[in-house]
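K.L.:
Contents of entry_1.txt (compact mmCIF, C-alpha atoms):
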# COMPACT_ATOMS: atom_id res chain seq x y z
CA MET A 29 -5.87 -10.68 13.94
CA SER A 30 -8.10 -11.56 11.03
CA ARG A 31 -11.55 -10.11 10.95
CA ALA A 32 -12.19 -10.77 7.30
CA GLU A 33 -14.50 -13.65 8.24
CA SER A 34 -16.98 -11.28 9.85
CA LYS A 35 -16.95 -8.93 6.84
CA ARG A 36 -20.41 -8.05 5.55
CA THR A 37 -22.01 -10.65 7.80
CA GLY A 38 -22.92 -8.33 10.68
CA ARG A 39 -26.65 -8.39 11.33
CA ARG A 40 -26.82 -5.56 13.82
CA PRO A 41 -27.15 -2.34 11.80
CA GLY A 42 -25.32 -0.33 14.46
CA ALA A 43 -22.06 -2.24 14.28
CA SER A 44 -22.14 -2.64 10.54
CA ASP A 45 -22.87 1.07 10.05
CA THR A 46 -19.94 1.99 12.27
CA ARG A 47 -17.72 -0.46 10.47
CA GLU A 48 -18.64 1.01 7.08
CA GLN A 49 -18.27 4.55 8.44
CA ILE A 50 -14.71 3.69 9.48
CA ALA A 51 -14.03 2.11 6.08
CA VAL A 52 -15.17 5.25 4.26
CA ALA A 53 -13.05 7.47 6.52
CA ALA A 54 -10.04 5.17 6.16
CA ARG A 55 -10.27 5.16 2.34
CA SER A 56 -10.40 8.90 2.27
CA GLN A 57 -7.46 9.27 4.68
CA PHE A 58 -5.35 6.75 2.77
CA ALA A 59 -6.19 8.53 -0.49
CA GLU A 60 -5.35 11.97 0.87
CA LEU A 61 -2.37 11.18 3.05
CA GLY A 62 -1.03 7.87 1.82
CA TYR A 63 -0.47 4.77 3.92
CA GLU A 64 2.27 6.06 6.14
CA ARG A 65 0.74 9.37 7.18
CA ALA A 66 -2.77 8.03 7.71
CA THR A 67 -3.30 7.24 11.41
CA PHE A 68 -5.88 5.36 13.51
CA ARG A 69 -6.44 8.61 15.36
CA GLY A 70 -7.09 10.62 12.18
CA ILE A 71 -9.31 7.91 10.70
CA ALA A 72 -11.28 7.66 13.94
CA ALA A 73 -11.70 11.45 14.04
CA ALA A 74 -12.92 11.51 10.42
CA ALA A 75 -15.37 8.69 11.19
CA ASP A 76 -16.37 10.35 14.45
CA VAL A 77 -15.67 7.23 16.51
CA ASP A 78 -13.22 6.25 19.24
CA PRO A 79 -9.80 5.11 17.87
CA ALA A 80 -10.18 1.87 19.85
CA LEU A 81 -13.15 0.99 17.64
CA VAL A 82 -10.97 1.16 14.52
CA VAL A 83 -8.63 -1.38 16.08
CA HIS A 84 -11.60 -3.42 17.29
CA PHE A 85 -13.10 -3.71 13.81
CA TYR A 86 -9.98 -3.90 11.66
CA GLY A 87 -6.96 -4.92 13.72
CA SER A 88 -3.63 -3.60 12.46
CA LYS A 89 -3.13 -0.74 10.02
CA GLU A 90 -2.01 -3.22 7.40
CA ASP A 91 -5.19 -5.29 7.90
CA LEU A 92 -7.25 -2.12 7.70
CA PHE A 93 -5.57 -1.00 4.48
CA ARG A 94 -5.80 -4.44 2.94
CA GLU A 95 -9.49 -4.72 3.72
CA VAL A 96 -10.85 -1.27 2.91
CA MET A 97 -8.72 -0.77 -0.21
CA GLN A 98 -10.23 -3.68 -2.10
CA LEU A 99 -12.13 -2.80 -5.23
CA PRO A 100 -15.82 -3.74 -4.85
CA PRO A 101 -16.58 -7.24 -6.22
CA ALA A 102 -18.83 -5.62 -8.87
CA VAL A 103 -15.78 -3.82 -10.30
CA THR A 104 -13.44 -6.82 -10.29
CA ASP A 105 -16.22 -8.98 -11.79
CA THR A 106 -16.83 -6.48 -14.58
CA LEU A 107 -13.08 -6.28 -15.12
CA VAL A 108 -12.56 -9.97 -15.72
CA ARG A 109 -15.71 -10.22 -17.84
CA ILE A 110 -14.13 -7.90 -20.39
CA ALA A 111 -12.38 -11.04 -21.64
CA ASP A 112 -15.77 -12.51 -22.63
CA GLY A 113 -16.68 -9.63 -24.94
CA PRO A 114 -15.54 -8.83 -28.48
CA ARG A 115 -11.77 -8.68 -28.75
CA GLU A 116 -11.67 -5.38 -30.62
CA GLN A 117 -13.70 -3.70 -27.85
CA MET A 118 -11.56 -4.81 -24.93
CA GLY A 119 -9.41 -1.67 -24.71
CA ARG A 120 -12.43 0.55 -24.82
CA ARG A 121 -14.36 -1.44 -22.23
CA LEU A 122 -11.37 -1.40 -19.90
CA ALA A 123 -11.01 2.36 -20.38
CA GLU A 124 -14.71 2.83 -19.57
CA LEU A 125 -14.39 0.72 -16.43
CA VAL A 126 -11.24 2.47 -15.22
CA ILE A 127 -12.58 5.96 -15.80
CA ALA A 128 -15.93 5.03 -14.24
CA ALA A 129 -14.10 3.77 -11.13
CA LEU A 130 -12.08 6.97 -10.98
CA GLU A 131 -15.12 9.22 -11.46
CA ASN A 132 -17.20 7.37 -8.86
CA PRO A 133 -16.83 8.96 -5.40
CA ALA A 134 -17.09 5.50 -3.78
CA THR A 135 -14.23 3.92 -5.70
CA ARG A 136 -11.98 6.88 -6.52
CA PRO A 137 -10.39 6.93 -3.04
CA VAL A 138 -9.64 3.21 -3.33
CA VAL A 139 -7.75 3.67 -6.58
CA LEU A 140 -6.01 6.91 -5.61
CA GLY A 141 -5.31 5.66 -2.09
CA ARG A 142 -3.58 2.59 -3.44
CA ILE A 143 -1.47 4.65 -5.80
CA ARG A 144 -0.39 7.25 -3.27
CA SER A 145 0.23 4.66 -0.60
CA ALA A 146 2.19 2.37 -2.87
CA SER A 147 4.55 5.15 -3.87
CA SER A 148 5.18 6.19 -0.27
CA HIS A 149 5.52 3.00 1.75
CA PRO A 150 6.97 -0.49 1.14
CA ASP A 151 4.16 -2.32 3.01
CA ALA A 152 1.57 -0.54 0.92
CA ALA A 153 3.63 -1.22 -2.20
CA ALA A 154 3.53 -4.92 -1.43
CA LEU A 155 -0.26 -4.84 -0.99
CA VAL A 156 -0.67 -2.94 -4.24
CA ARG A 157 1.59 -5.35 -6.10
CA GLU A 158 -0.63 -8.19 -4.90
CA THR A 159 -3.87 -6.57 -5.93
CA VAL A 160 -2.64 -5.23 -9.29
CA THR A 161 -1.26 -8.63 -10.07
CA ARG A 162 -4.44 -10.36 -9.01
CA ASP A 163 -7.06 -8.01 -10.46
CA LEU A 164 -5.45 -7.11 -13.77
CA SER A 165 -3.69 -10.42 -14.35
CA ALA A 166 -7.04 -12.18 -13.99
CA LEU A 167 -8.14 -10.21 -17.04
CA THR A 168 -4.98 -10.55 -19.13
CA THR A 169 -4.66 -14.26 -18.36
CA ALA A 170 -8.24 -14.76 -19.54
CA ILE A 171 -7.42 -12.92 -22.79
CA THR A 172 -4.07 -14.41 -23.79
CA ASP A 173 -1.26 -16.70 -22.75
CA ASP A 174 1.30 -14.39 -24.39
CA GLN A 175 3.01 -12.61 -21.45
CA PRO A 176 -0.20 -11.89 -19.51
CA ASP A 177 1.65 -10.61 -16.42
CA THR A 178 3.70 -8.13 -18.42
CA ARG A 179 0.49 -6.93 -20.09
CA ALA A 180 -1.18 -6.52 -16.70
CA VAL A 181 1.68 -4.36 -15.40
CA LEU A 182 1.74 -2.19 -18.52
CA VAL A 183 -2.01 -1.63 -18.30
CA GLY A 184 -1.72 -0.96 -14.57
CA ALA A 185 1.11 1.50 -15.17
CA HIS A 186 -1.00 3.49 -17.61
CA VAL A 187 -3.98 3.48 -15.25
CA VAL A 188 -1.75 4.84 -12.49
CA GLY A 189 -0.26 7.53 -14.72
CA ILE A 190 -3.64 8.71 -15.99
CA ALA A 191 -5.10 8.68 -12.47
CA LEU A 192 -2.23 10.76 -11.09
CA ALA A 193 -2.22 13.22 -13.99
CA ARG A 194 -5.99 13.76 -14.12
CA TYR A 195 -7.08 13.42 -10.49
CA VAL A 196 -4.06 14.18 -8.29
CA VAL A 197 -1.61 16.47 -10.06
CA LEU A 198 -4.44 17.94 -12.17
CA VAL A 199 -2.42 18.40 -15.34
CA GLU A 200 -4.33 20.25 -18.06
CA PRO A 201 -5.86 19.67 -20.49
CA LEU A 202 -6.36 16.11 -19.18
CA ALA A 203 -7.85 17.18 -15.85
CA SER A 204 -10.70 19.09 -17.49
CA LEU A 205 -11.54 16.80 -20.41
CA PRO A 206 -14.97 15.15 -20.39
CA THR A 207 -14.81 11.51 -19.32
CA ALA A 208 -15.95 10.32 -22.77
CA GLN A 209 -12.94 11.99 -24.33
CA VAL A 210 -10.48 10.54 -21.82
CA ILE A 211 -11.88 7.09 -22.61
CA GLU A 212 -11.35 7.69 -26.34
CA LEU A 213 -7.78 8.83 -25.71
CA VAL A 214 -6.60 5.89 -23.62
CA ALA A 215 -8.64 3.03 -25.12
CA PRO A 216 -6.17 2.36 -27.98
CA THR A 217 -3.30 1.99 -25.51
CA PHE A 218 -5.26 -0.49 -23.39
CA GLN A 219 -6.29 -2.30 -26.56
CA HIS A 220 -2.64 -2.53 -27.60
CA TYR A 221 -1.46 -3.89 -24.26
CA LEU A 222 -4.38 -6.32 -23.91
CA THR A 223 -4.53 -7.83 -27.38
CA GLU A 224 -1.70 -6.85 -29.70
CA PRO A 225 1.80 -8.32 -30.08
CA LEU A 226 4.00 -6.75 -27.42
CA THR A 227 7.18 -6.04 -29.34
CA ILE A 228 7.45 -3.66 -32.26
CA GLN A 229 7.38 -5.56 -35.51
CA ARG A 230 10.56 -4.39 -37.21
CA SER A 231 12.54 -5.61 -40.18
CA VAL A 232 15.71 -5.73 -38.10
CA ARG A 233 15.73 -6.92 -34.52
CA PRO A 234 17.12 -4.04 -32.45
CA GLU A 235 20.39 -4.37 -30.57
CA PRO A 236 20.11 -4.53 -26.78
CA VAL A 237 20.66 -1.09 -25.27
CA SER A 238 23.49 -1.11 -22.76
CA ARG A 239 22.95 0.70 -19.45
CA MET B 4 15.14 35.08 -3.00
CA SER B 5 16.35 34.02 -6.42
CA ARG B 6 19.72 32.38 -6.66
CA ALA B 7 19.26 30.99 -10.13
CA GLU B 8 21.53 33.72 -11.54
CA SER B 9 24.53 32.39 -9.70
CA LYS B 10 23.86 28.81 -10.83
CA ARG B 11 26.85 27.10 -12.37
CA THR B 12 28.85 30.36 -12.40
CA GLY B 13 30.72 29.83 -9.11
CA ARG B 14 34.45 29.94 -9.66
CA ARG B 15 35.60 28.84 -6.23
CA PRO B 16 35.63 25.01 -6.25
CA GLY B 17 34.85 24.84 -2.54
CA ALA B 18 31.51 26.65 -2.71
CA SER B 19 30.46 25.01 -5.95
CA ASP B 20 31.34 21.56 -4.60
CA THR B 21 29.25 22.18 -1.50
CA ARG B 22 26.39 23.51 -3.59
CA GLU B 23 26.43 20.40 -5.79
CA GLN B 24 26.77 18.15 -2.74
CA ILE B 25 23.60 19.72 -1.33
CA ALA B 26 21.83 19.33 -4.69
CA VAL B 27 22.66 15.62 -4.82
CA ALA B 28 21.45 15.12 -1.24
CA ALA B 29 18.28 17.13 -1.89
CA ARG B 30 17.41 15.12 -5.01
CA SER B 31 17.83 11.90 -3.13
CA GLN B 32 15.73 13.11 -0.16
CA PHE B 33 12.96 14.41 -2.41
CA ALA B 34 13.00 11.11 -4.33
CA GLU B 35 12.87 8.99 -1.18
CA LEU B 36 10.58 11.05 1.01
CA GLY B 37 8.66 13.33 -1.35
CA TYR B 38 8.47 17.11 -1.12
CA GLU B 39 6.61 17.42 2.11
CA ARG B 40 8.63 15.04 4.24
CA ALA B 41 12.03 16.15 2.95
CA THR B 42 13.54 18.71 5.35
CA PHE B 43 16.44 21.19 5.30
CA ARG B 44 17.77 19.37 8.33
CA GLY B 45 17.65 15.95 6.65
CA ILE B 46 19.12 17.26 3.41
CA ALA B 47 21.91 19.01 5.31
CA ALA B 48 22.65 15.82 7.26
CA ALA B 49 22.78 13.77 4.06
CA ALA B 50 25.10 16.34 2.46
CA ASP B 51 27.13 16.56 5.67
CA VAL B 52 26.80 20.36 5.88
CA ASP B 53 25.15 22.83 8.24
CA PRO B 54 21.43 23.36 7.53
CA ALA B 55 22.08 27.11 7.29
CA LEU B 56 24.22 26.44 4.21
CA VAL B 57 21.25 24.85 2.44
CA VAL B 58 19.26 28.02 3.01
CA HIS B 59 22.27 30.14 2.06
CA PHE B 60 22.68 28.42 -1.31
CA TYR B 61 19.07 27.71 -2.25
CA GLY B 62 16.70 29.92 -0.25
CA SER B 63 13.25 28.41 0.38
CA LYS B 64 12.32 24.74 0.10
CA GLU B 65 10.28 25.57 -2.99
CA ASP B 66 13.28 27.31 -4.60
CA LEU B 67 15.47 24.36 -3.68
CA PHE B 68 13.04 21.85 -5.18
CA ARG B 69 12.53 23.93 -8.30
CA GLU B 70 16.26 24.26 -8.88
CA VAL B 71 17.60 20.80 -8.09
CA MET B 72 14.72 18.92 -9.71
CA GLN B 73 15.36 20.25 -13.21
CA LEU B 74 16.36 17.71 -15.79
CA PRO B 75 19.91 18.37 -17.03
CA PRO B 76 19.95 20.54 -20.19
CA ALA B 77 21.47 17.59 -22.10
CA VAL B 78 18.31 15.57 -21.43
CA THR B 79 15.82 18.30 -22.35
CA ASP B 80 17.88 19.11 -25.49
CA THR B 81 17.86 15.46 -26.56
CA LEU B 82 14.14 15.33 -25.81
CA VAL B 83 13.16 18.17 -28.10
CA ARG B 84 15.54 17.01 -30.84
CA ILE B 85 13.50 13.80 -31.18
CA ALA B 86 11.21 15.95 -33.33
CA ASP B 87 14.04 16.38 -35.90
CA GLY B 88 14.48 12.64 -36.45
CA PRO B 89 12.47 10.17 -38.54
CA ARG B 90 8.79 10.22 -37.59
CA GLU B 91 8.46 6.45 -37.32
CA GLN B 92 11.34 6.34 -34.80
CA MET B 93 10.02 9.02 -32.43
CA GLY B 94 8.29 6.67 -29.98
CA ARG B 95 11.32 4.49 -29.76
CA ARG B 96 13.74 7.37 -29.30
CA LEU B 97 11.57 8.81 -26.56
CA ALA B 98 11.38 5.42 -24.85
CA GLU B 99 15.19 5.14 -25.01
CA LEU B 100 15.61 8.61 -23.54
CA VAL B 101 13.10 8.04 -20.74
CA ILE B 102 14.51 4.67 -19.73
CA ALA B 103 18.07 6.00 -19.92
CA ALA B 104 17.10 8.87 -17.59
CA LEU B 105 15.48 6.40 -15.19
CA GLU B 106 18.43 4.00 -15.27
CA ASN B 107 21.02 6.76 -14.76
CA PRO B 108 21.77 7.28 -11.04
CA ALA B 109 22.22 11.02 -11.65
CA THR B 110 18.80 11.60 -13.21
CA ARG B 111 16.66 8.86 -11.65
CA PRO B 112 16.16 10.78 -8.39
CA VAL B 113 15.04 13.83 -10.37
CA VAL B 114 12.33 11.89 -12.19
CA LEU B 115 11.22 9.80 -9.20
CA GLY B 116 11.46 12.79 -6.86
CA ARG B 117 9.16 14.82 -9.07
CA ILE B 118 6.64 12.00 -9.27
CA ARG B 119 6.55 11.22 -5.55
CA SER B 120 6.52 14.87 -4.60
CA ALA B 121 3.80 15.77 -7.08
CA SER B 122 1.50 13.08 -5.74
CA SER B 123 2.01 14.15 -2.14
CA HIS B 124 2.00 17.95 -2.10
CA PRO B 125 0.15 20.69 -4.00
CA ASP B 126 3.22 23.00 -4.27
CA ALA B 127 5.25 20.19 -5.77
CA ALA B 128 2.32 19.28 -8.02
CA ALA B 129 2.33 22.82 -9.40
CA LEU B 130 6.07 22.66 -10.07
CA VAL B 131 5.70 19.31 -11.78
CA ARG B 132 2.80 20.56 -13.91
CA GLU B 133 5.05 23.41 -15.08
CA THR B 134 7.96 21.20 -15.97
CA VAL B 135 5.96 18.38 -17.58
CA THR B 136 4.11 20.94 -19.61
CA ARG B 137 7.30 22.71 -20.61
CA ASP B 138 9.59 19.74 -21.27
CA LEU B 139 7.18 17.37 -22.98
CA SER B 140 5.05 20.01 -24.70
CA ALA B 141 8.21 21.41 -26.29
CA LEU B 142 8.55 18.05 -28.02
CA THR B 143 4.91 17.48 -28.95
CA THR B 144 4.50 21.04 -30.22
CA ALA B 145 7.54 20.54 -32.46
CA ILE B 146 5.98 17.34 -33.84
CA THR B 147 2.38 18.34 -34.46
CA ASP B 148 -0.21 21.06 -34.04
CA ASP B 149 -2.92 18.46 -33.38
CA GLN B 150 -3.56 18.68 -29.60
CA PRO B 151 0.12 18.81 -28.61
CA ASP B 152 -0.65 19.54 -24.95
CA THR B 153 -2.97 16.56 -24.63
CA ARG B 154 -0.31 14.38 -26.24
CA ALA B 155 2.30 15.69 -23.80
CA VAL B 156 0.14 14.80 -20.80
CA LEU B 157 -0.63 11.31 -22.12
CA VAL B 158 3.06 10.65 -22.72
CA GLY B 159 3.91 12.08 -19.30
CA ALA B 160 1.24 9.93 -17.67
CA HIS B 161 2.72 6.79 -19.16
CA VAL B 162 6.25 7.79 -18.15
CA VAL B 163 5.01 8.29 -14.59
CA GLY B 164 3.18 4.96 -14.52
CA ILE B 165 6.14 3.02 -15.88
CA ALA B 166 8.54 4.77 -13.50
CA LEU B 167 6.37 3.98 -10.47
CA ALA B 168 5.74 0.37 -11.48
CA ARG B 169 9.34 -0.45 -12.37
CA TYR B 170 11.40 1.64 -9.97
CA VAL B 171 9.20 2.43 -6.95
CA VAL B 172 6.54 -0.24 -6.46
CA LEU B 173 8.78 -2.84 -8.16
CA VAL B 174 5.99 -4.74 -9.87
CA GLU B 175 7.17 -7.89 -11.60
CA PRO B 176 7.91 -8.82 -14.28
CA LEU B 177 8.45 -5.17 -15.27
CA ALA B 178 10.91 -4.42 -12.46
CA SER B 179 13.33 -7.14 -13.59
CA LEU B 180 13.10 -6.83 -17.36
CA PRO B 181 16.24 -5.73 -19.20
CA THR B 182 16.09 -2.07 -20.24
CA ALA B 183 16.09 -3.00 -23.94
CA GLN B 184 12.90 -4.97 -23.45
CA VAL B 185 11.16 -2.20 -21.52
CA ILE B 186 11.99 0.16 -24.36
CA GLU B 187 10.46 -2.27 -26.87
CA LEU B 188 7.33 -2.59 -24.75
CA VAL B 189 6.55 1.10 -24.29
CA ALA B 190 7.84 2.54 -27.59
CA PRO B 191 4.61 1.79 -29.52
CA THR B 192 2.54 3.66 -26.92
CA PHE B 193 4.81 6.70 -27.12
CA GLN B 194 4.73 6.46 -30.91
CA HIS B 195 0.94 6.42 -30.80
CA TYR B 196 0.65 9.44 -28.51
CA LEU B 197 3.33 11.42 -30.36
CA THR B 198 2.37 10.87 -33.97
CA GLU B 199 -0.93 9.03 -34.51
CA PRO B 200 -4.50 10.36 -34.59
CA LEU B 201 -5.72 10.64 -31.01
CA THR B 202 -9.23 9.27 -31.25
CA ILE B 203 -10.10 5.74 -32.28
CA GLN B 204 -11.14 5.62 -35.88
CA ARG B 205 -14.53 3.97 -35.71
CA SER B 206 -17.39 3.59 -38.14
CA VAL B 207 -19.82 5.01 -35.57
CA ARG B 208 -18.94 7.91 -33.33
CA PRO B 209 -19.43 6.68 -29.75
CA GLU B 210 -22.04 8.20 -27.48
CA PRO B 211 -20.74 10.31 -24.62
CA VAL B 212 -20.51 8.22 -21.45
CA SER B 213 -22.54 9.68 -18.62
CA ARG B 214 -20.94 9.83 -15.19
Please re-express this file's structure in structure tokens.

P.N.:
Amino acid sequence: MSRAESKRTGRRPGASDTREQIAVAARSQFAELGYERATFRGIAAAADVDPALVVHFYGSKEDLFREVMQLPPAVTDTLVRIADGPREQMGRRLAELVIAALENPATRPVVLGRIRSASSHPDAAALVRETVTRDLSALTTAITDDQPDTRAVLVGAHVVGIALARYVVLVEPLASLPTAQVIELVAPTFQHYLTEPLTIQRSVRPEPVSR
Amino acid sequence: MSRAESKRTGRRPGASDTREQIAVAARSQFAELGYERATFRGIAAAADVDPALVVHFYGSKEDLFREVMQLPPAVTDTLVRIADGPREQMGRRLAELVIAALENPATRPVVLGRIRSASSHPDAAALVRETVTRDLSALTTAITDDQPDTRAVLVGAHVVGIALARYVVLVEPLASLPTAQVIELVAPTFQHYLTEPLTIQRSVRPEPVSR
């Protein structure tokens, strides 16, 4: 059942409020519990609606996850527009965007919910693979044709690690650092993965490491 | 109940075999299910022993997790000895060690189990904070007195991100790259976090970013 067509087109405030209320509750449940442990019943309870309404508005759990765990268009637009700015600022601008999304109570559950869900359930992992590939590869492809997909995964991997360490596992001192300082710390890594040559420039090409 | 004293001192092969069999099963259950969803019953079934034996050998679930999810001393020794080698090789040596631990069937469940457990349960998060802080800070403190704990968390965050992307969420092309290439890709980031100045050297000090 696809209900994506009706998204954001509802004219009756009642239905659209309820729909958004469910989306907010679902994001928070996915972020806290992960894909597998989040339930229609729990989401409905958090949204203070009947569980049948969740199904009515969103269909299956996979449809629900897929729809509510999208980054807002404003974020994905800003992301891809990093490629239009000065090259030497790209890492920093990406760091600012990522940390802003993680500090914002509206988008934090989307990012954390994707991460926790992806590491706990194959269906969620598939959805996250899609979105990481689409959102971050749109940026890296706009920047370079040198291994853009590899760059997107490396950037995504660092985003995930920083998000888990700072916002989920709360590892100090990272968890308590001011946002400006976190941005300073990770910007050079993003800059490297976005714009610099990907292999170490060495005098001798290293031997393959056997497993 | 602390059973750490008796660790590795058992002389009767039977008991020590059973103990190790339980440890292997527990690592694999923690890695697959995370801390919260792993159970004594499931671990016992996987080890083909009575659940009471798991309690007998390891005490509480927290004790069990704490004990079986340690990295082998050989790995932590090699980790801290990176600080004794050439400075310009430290990132690469760390990358080799991390990828080797993730490719090795004996240590992969320890690393993945910690990550999945830490992101799903506060008790496990606390245990992981302890071990990340201890294992990686031992290295960074031996390398530099410039913010070694921050460096340890940044390195740990990237390890976690790479491990999730390559081995759990299976994001391509990272999941299929040969190990030698993954090492090449991440070594410069480890090198940066281990040995280079942590803030971007800019002509103008950036303004703090407001939330």

K.L.:
Can you work out which one of A:Lys89, A:Arg69, A:Arg120, A:Arg157 has the shortest atom-to-atom distance to chain B, counting all atoms listed in the file?

P.N.:
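For chain B, the nearest of the given residues is A:Arg157.
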
K.L.:
Show me which bits of chain B are within 6 Å of chain A, counting only C-alpha atoms, as a PDB file with C-alpha atoms, in the coordinates of the input.

P.N.:
ATOM      1  CA  ALA B 128       2.320  19.280  -8.020  1.00  0.00           C
ATOM      2  CA  ARG B 132       2.800  20.560 -13.910  1.00  0.00           C
ATOM      3  CA  THR B 153      -2.970  16.560 -24.630  1.00  0.00           C
ATOM      4  CA  ALA B 160       1.240   9.930 -17.670  1.00  0.00           C
ATOM      5  CA  HIS B 161       2.720   6.790 -19.160  1.00  0.00           C
ATOM      6  CA  VAL B 163       5.010   8.290 -14.590  1.00  0.00           C
ATOM      7  CA  GLY B 164       3.180   4.960 -14.520  1.00  0.00           C
ATOM      8  CA  ILE B 165       6.140   3.020 -15.880  1.00  0.00           C
ATOM      9  CA  VAL B 172       6.540  -0.240  -6.460  1.00  0.00           C
ATOM     10  CA  VAL B 174       5.990  -4.740  -9.870  1.00  0.00           C
ATOM     11  CA  PRO B 176       7.910  -8.820 -14.280  1.00  0.00           C
ATOM     12  CA  ALA B 183      16.090  -3.000 -23.940  1.00  0.00           C
ATOM     13  CA  GLU B 187      10.460  -2.270 -26.870  1.00  0.00           C
ATOM     14  CA  LEU B 188       7.330  -2.590 -24.750  1.00  0.00           C
ATOM     15  CA  LEU B 201      -5.720  10.640 -31.010  1.00  0.00           C
ATOM     16  CA  THR B 202      -9.230   9.270 -31.250  1.00  0.00           C
ATOM     17  CA  PRO B 211     -20.740  10.310 -24.620  1.00  0.00           C
ATOM     18  CA  VAL B 212     -20.510   8.220 -21.450  1.00  0.00           C
TER      19      VAL B 212
END

K.L.:
Provide the CA of Ala145 in chain B to CA of Val78 in chain B distance in Å, to one decimal place.

P.N.:
16.2 Å

K.L.:
How far is it from CA of Leu56 in chain B to CA of Glu39 in chain B, in Å with one decimal?

P.N.:
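Computed distance, CA of Leu56 in chain B to CA of Glu39 in chain B, equals 19.9 Å.
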
K.L.:
Suppose you want the space between CA of Asp163 in chain A and CA of Gly119 in chain A; what is it in Å?

P.N.:
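CA of Gly119 in chain A lies at a distance of 15.8 Å from CA of Asp163 in chain A.
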
K.L.:
Out of A:Glu116, A:Thr159, A:Arg65, A:Gln49, which residue has the shortest atom-to-atom distance to Val139 in chain A when counting only C-alpha atoms?

P.N.:
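Looking at the shortest contact to Val139 in chain A, the residue is A:Thr159.
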
K.L.:
Counting only C-alpha atoms, which of B:Thr147, B:Ser31, B:Ser19, B:Thr110 gets nearest to Gln73 in chain B?

P.N.:
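Among B:Thr147, B:Ser31, B:Ser19, B:Thr110, it is B:Thr110 that comes nearest to Gln73 in chain B.
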
K.L.:
Provide an axis-aligned box for all listed atoms of range 187-191 of chain A, padding each side by 4 Å; report its centre and its edge lengths in Å to one decimal, as AutoDock Vina command-line options.

P.N.:
--center_x -2.7 --center_y 6.1 --center_z -14.2 --size_x 12.8 --size_y 13.2 --size_z 11.5

K.L.:
Counting only C-alpha atoms, I want the residues whose atoms come within 12 Å of (-13.2, -19.4, -20.4) in the file frame, returned as a list of chain:residue names.

P.N.:
A:Val108, A:Arg109, A:Ile110, A:Ala111, A:Asp112, A:Gly113, A:Ala166, A:Leu167, A:Thr169, A:Ala170, A:Ile171, A:Thr172

K.L.:
Using only C-alpha atoms, which of B:Ala28, B:Leu74, B:Ala18, B:Leu82 sits nearest Ser140 in chain B?

P.N.:
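Closest residue, counting only C-alpha atoms: B:Leu82.
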
K.L.:
Which is closest to Ala74 in chain A among A:Pro101, A:Leu130, A:Gln117, A:Val52, if we use only C-alpha atoms?

P.N.:
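Distance minimum relative to Ala74 in chain A lands on A:Val52.
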
K.L.:
Which one is closest to Ala109 in chain B: B:Asp80, B:Thr198, B:Ile25, B:Arg30? Count only C-alpha atoms.

P.N.:
B:Arg30
